[in-house]
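Enquirer: Please see the structure below; I have some questions.
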Amino acid sequence: MRTETPPLIRLEEYRPSDYLIDRVDLDIRLDPHAARIDATLALRPNPAGVAGAPLNLDGDDLRLVSAALDGAPLSPDAYTVSPAGLSLLTPPRQPFSLRLVTEIDPTANTKLMGLYRSNGVYCTQCEADGFRRITYFLDRPDVMAVYTTRIEADRTEAPVLLGNGNRIEAGPVGADRHFAVWHDPHPKPAYLFALVGGRLGKVETQFTTAEGRAVTCAVYVEPGKESRADYALDAVIRSMQWDETAFGRAYDLDVFNVVAVSDFNMGAMENKGLNIFNDKYVLASPETATDGDYAAIEAIIAHEYFHNWSGNRVTCRDWFQLCLKEGLTVFRDQEFSSDMRSRPVHRIAEVRSLRARQFPEDAGPLRHPVRPRAYAEINNFYTATVYDKGAEIVRMLRTLIGAPAFRAGMDRYFADNDGRAATVEDFLAAFTAVTGRDLTDFARWYERPGTPRLSVTGRYDPQAARYTLRLAQSLPGEGGQDGAPLVIPVALGLVGSAGPLEAATSAQVREGVFVLDRSEAEIVFGGVTEEPVPSVLRDFSAPVRLDLALTDAQRMRLLAQDSDPFNRWQAAQDVALRLILKPDAGRMEAFAEALGRFLDGEALADPAFAALVLALPSEGEAADALPADVDPDAIHQARVALRADLGRSLRPRLERIDAALAPVPGAPYSPDAASAGRRALRNAALDLIAAGDPAAGAAWAAERLAGATNMTDRLAALATLALIPGETREAALADFAARYADEPLVLDKWFAIQAQIPEAGTLERITRLQDHPAFTLTNPNRVRALIGSFAFGNPTQFARPDGAGFACVARTVAALDPTNPQVAARLLTAFGSWRRLEKSRSAKAAEMLNGIKAIRGLSRDTADILARTLE
Ligand code: 0A1
Ligand code: ZN
């Protein structure tokens, strides 16, 4: 039997549930192999559903122990049980109660969905459909209930027992066991249910909300690692404060708990009052975490916390609306991070990540609308498109209607939908209500897959002192025809030889934003007395690909003179990208000179920004810019050559930067954005010096490594060294491994650096590392660090012409699929751009994909990604 293409669930087929569940009472006895769940569900027919319909409860991998209806055991002919669930054939027409006892094995739960054990800690993951692995249920987000959960466990095995909401009772059970009862007054869908039981240490503090509620906030971690939880706890408090001031949202329970676990499929989960985190996004100390880790912890803590309103208080009607909570919450966490750090620097980071992950997704076989119309496996739709393009849509909405109206619309959205399961239409309706604006055309952003192209040309008429910009959009729709135009906010302006120009415009440009809502439009600027350079798509005002032919000199004027930091950075990127795609010694020299002037002028004034200017477009971005026939080796070599040239040309400046930014001896490490920016620039300088002079670079990096006083500098030096083959590198890698042998999260960095070495020997190195005692397929972080970094971060070796790189990843997908299909399927998405590779490589990729296809009994997750990738 071959794995069949899994059946599709369609948005248009949505209908309300025939039954609702008002209350859920759970009595859960934790046990390593036989956890017992005694669930009492208060059910009633849904007036919006079909009267008298059978009640079909979802279930997955459950053992039913007993079932009773309104207190009486269910007779065997009243229900059926299948691998997909339990059906009550003729349920009562009035409210009724169903008591179901199930048994599950948390230790054998390798999928990490439902109730499982991570390093001996009991924890849960229920989004999207994990609750059905705990008990039979209407496991859909529009069924919202009030939960009371009694958790009982062995006292030594699980001294800490946590649930959703507030703890209302706790006490001993006999000599060895104990219990806690948690009550969550806020109705919620099952995907937000959570519990935790284990030996955990904690840090905690109090926060008083604007409404005067005293909240105990705690972060739970592996005992002994408490000090590494301080930064996460601080981020919790800052998130709470920020959501009150920025969005008027206050916290609504007496406790807010965060728990870090080491085996987790994703980043973290916003369970009501009990966020569960991948420990990678909680634990931080200067010795084990980089500046990037600190920033990610801050962002993800904020993201999960902000879900308390955008996701939990207002949830999704169905999984097609996933972007309603995810896009909005990403937008919110981005705003938070921008306020905590440098806004322009953060915007650039957001766009880099969008281009690295979302643009290729939207250009390949896994593309889908921000609100998909159909899915086979919802767990495969936690994508860059839903999250990051979803956030860009919210950002565009704010740009279109302005910040005050946006805030009013958000207030309206929360007020109108509090306690409800909402849709994208409900979201847009709130903004229409406060602005009177019809957003039907704007809503096309949710429906149309693909990245639109925005083509802009400029014409200067010196006689008339007039500058004309012509803008045209295109997005091939279904069947290749252009669909209806999108509403694209285009922030723009003109830059003269001495800086930004003020000019009267023919068309409506409000606060620097022109709204392109037709397929093309023209803007005429009057009173322009010198030929300007257009600065278009400032602050990346829309998620589009901009075609604007400028000369290098014009771009360098933007770098030097534009008022928009994003476009200053973009200008340097554009020149560098063209140099990678089409090397040219003369242009390279001019570019180096311009960069030099930029560095002299202001590198030390804004080091974080300067570091981003020095970070050239990635190999992936270069590949993405090519129409087809991608040869990763050619791109790699061109990029290496450009970096080497720049490193040599800029060397004196880079050395000056290095010296100027050297840390004060003995100064304590601080993860704040300004300090991080200085480290980023200094390390970028060293990396570029090494690119130009590998021998000196290796020695310098080794020295830096030896003297490093924090993980940021240590890892940056190791990453620089990793690109320079030789004894120094191998010794440094060995030394690093020995030093952090007991630190799995640090060893992940070590795995990742080695997996990304762009050399033919890397595959063999990976084979060796798979046998390293710290590596295991059962921990998703380890898999992502070693195999994920290779598949997503090493384009030349993953796409080796002999197919061996593809084979390595395919083998891991196959090995992992039976135990953890979610992580296996995500790894498989690395093949997403395979058709764009030049022929010999794409043929090898096809071979590997077909090899996976031939495997019997593939999971739905993997089969779905595979079918779409091969489509
Ligand atoms: N809602 C979470 C993401 C998430 C989704 C699925 C999971 O199951 C494995 C876990 C987490 C977020 O946006 O952070
Ligand atoms: Zn989220």
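Starting from 1 in every chain, residues are counted up; chains themselves are A, B, ... following the order of the structure tokens, and ligands are numbered from 1 as listed.
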Counting only C-alpha atoms and all ligand atoms, which residues of chain A fall within 8 Å of ligand 2, and what is the closest atom pair for each with its distance in Å at one decimal, ordered by chain and rising number, as a tab-separated table?

Expert:
residue	atom	partner	partner_atom_place_in_ligand_line	distance
A:Met269	CA	ligand 2	1 (Zn)	7.2
A:Glu270	CA	ligand 2	1 (Zn)	7.1
A:His303	CA	ligand 2	1 (Zn)	6.2
A:Glu304	CA	ligand 2	1 (Zn)	6.2
A:His307	CA	ligand 2	1 (Zn)	6.6
A:Gly311	CA	ligand 2	1 (Zn)	7.9
A:Lys325	CA	ligand 2	1 (Zn)	6.7
A:Glu326	CA	ligand 2	1 (Zn)	4.6
A:Gly327	CA	ligand 2	1 (Zn)	7.9
A:Thr329	CA	ligand 2	1 (Zn)	6.1
A:Val330	CA	ligand 2	1 (Zn)	6.8
A:Tyr387	CA	ligand 2	1 (Zn)	7.7

Enquirer: Using 12 Å as the limit and counting only C-alpha atoms, can you tabulate each residue of segment 378-443 of chain A that touches segment 815-839 of chain A, with its shortest atom-to-atom distance in Å and the two atoms involved, as a tab-separated table?

Expert:
residue	atom	partner	partner_atom	distance
A:Ile378	CA	A:Gln822	CA	10.4
A:Asn379	CA	A:Gln822	CA	7.0
A:Asn380	CA	A:Arg826	CA	7.3
A:Phe381	CA	A:Arg826	CA	10.0
A:Tyr382	CA	A:Arg826	CA	9.7
A:Thr383	CA	A:Arg826	CA	9.5
A:Ala384	CA	A:Thr829	CA	11.7

Enquirer: Write the residues of the preceding selection, restricted to C-alpha atoms, as a PDB file, in the first residue's frame.

Expert:
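File out10.pdb, as written:
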ATOM      1  CA  ILE A 378      -3.472  21.871   9.719  1.00  0.00           C
ATOM      2  CA  ASN A 379      -0.178  21.391  11.525  1.00  0.00           C
ATOM      3  CA  ASN A 380       1.498  22.053   8.167  1.00  0.00           C
ATOM      4  CA  PHE A 381      -0.008  25.545   8.020  1.00  0.00           C
ATOM      5  CA  TYR A 382       1.942  27.138  10.838  1.00  0.00           C
ATOM      6  CA  THR A 383       3.921  28.779   8.093  1.00  0.00           C
ATOM      7  CA  ALA A 384       5.871  31.936   7.366  1.00  0.00           C
TER       8      ALA A 384
END

Enquirer: Identify, with DSSP run on backbone atoms, the residues in segment 567-672 of chain A assigned to helix (DSSP H, G or I), and express the list as a count of residues only.

Expert: 76

Enquirer: Could you name the residues that touch Asp564 of chain A at 8 Å or less, counting only C-alpha atoms, but leaving out those on the same chain fewer than 2 positions away, as a PDB file with C-alpha atoms, in the first residue's frame?

Expert:
ATOM      1  CA  ARG A 538      10.052  53.032   2.401  1.00  0.00           C
ATOM      2  CA  ASP A 539      10.025  51.033   5.601  1.00  0.00           C
ATOM      3  CA  ASP A 562      17.661  59.045   2.329  1.00  0.00           C
ATOM      4  CA  PHE A 566      15.097  50.942   5.655  1.00  0.00           C
ATOM      5  CA  ASN A 567      15.714  52.187   2.147  1.00  0.00           C
ATOM      6  CA  ARG A 568      19.226  53.269   3.020  1.00  0.00           C
TER       7      ARG A 568
END

Enquirer: If we count only C-alpha atoms, what is near Asp416 of chain A at a cut-off of 10 Å, once residues fewer than 3 positions away on the same chain are taken out, given as a list in words?

Expert: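 Result of the neighbour search: Val314, Met410, Asp411, Arg412, Tyr413, Gly419, Arg420, Ala422, Asp426, Phe427, Ala429 and Ala430 of chain A.
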
Enquirer: Using only C-alpha atoms, determine which residues lie at most 8 Å from segment 666-682 of chain A, disregarding the query and same-chain residues fewer than 3 positions distant; provide the list as a list in words.

Expert: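 Here the qualifying residues turn out to be Pro286, Asp291, Tyr294, Arg341, Ser342, Asp606, Pro607, Ala608, Phe609, Ala610, Ala611, Ile657, Asp658, Leu661, Ala662, Pro663, Ala685, Leu686, Asn710, Thr712 and Asp713 of chain A.
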
Enquirer: Write out as a list of chain:residue names the residues lying within 9 Å of Ile488 of chain A, counting only C-alpha atoms and excluding same-chain residues fewer than 5 positions away.

Expert: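 So, after excluding close chain neighbours, the residues are A:Met396, A:Leu400, A:Phe442, A:Gln473, A:Phe514, A:Val515, A:Leu516, A:Asp517, A:Arg518, A:Ser541, A:Ala542, A:Pro543, A:Val544.
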
Enquirer: Enter the distance from atom CA of Phe277 of chain A to atom CA of Thr216 of chain A, in Å, rounded to one decimal.

Expert: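 Result for atom CA of Phe277 of chain A versus atom CA of Thr216 of chain A: 18.2 Å, one decimal.
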
Enquirer: What's around Met588 of chain A at 8 Å? Count only C-alpha atoms, leave out sequence neighbours fewer than 5 positions away in its own chain, and write the answer as a PyMOL selection string.

Expert: chain A and resi 579+583+642+645-646

Enquirer: Going by DSSP on the backbone, which bits of segment 529-587 of chain A are strand (DSSP E or B)? Write them as a ChimeraX atom specification, please.

Expert: /A:533-536,545-548

Enquirer: Using C-alpha atoms, can you export the residues from the last selection as a JSON list (two decimals), in the first residue's frame?

Expert:
[["chain", "number", "residue", "atom", "x", "y", "z"],
["A", 533, "VAL", "CA", 16.38, 59.59, -6.89],
["A", 534, "PRO", "CA", 13.07, 57.99, -5.98],
["A", 535, "SER", "CA", 12.92, 56.25, -2.64],
["A", 536, "VAL", "CA", 10.10, 53.76, -2.99],
["A", 545, "ARG", "CA", 9.03, 42.60, -4.85],
["A", 546, "LEU", "CA", 10.08, 46.01, -6.06],
["A", 547, "ASP", "CA", 11.41, 46.43, -9.59],
["A", 548, "LEU", "CA", 13.03, 49.82, -9.77]]

Enquirer: Return the single residue from A:Ala464, A:Leu475, A:Ala232, A:Val386 that is closest to ligand 1, with distances computed using only C-alpha atoms and all ligand atoms.

Expert: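 Nearest candidate to ligand 1 out of A:Ala464, A:Leu475, A:Ala232, A:Val386: A:Val386.
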
Enquirer: Nearest to ligand 1: which of A:Val219, A:Cys126, A:Ala594, A:Val345 is it, counting only C-alpha atoms and all ligand atoms?

Expert: A:Cys126
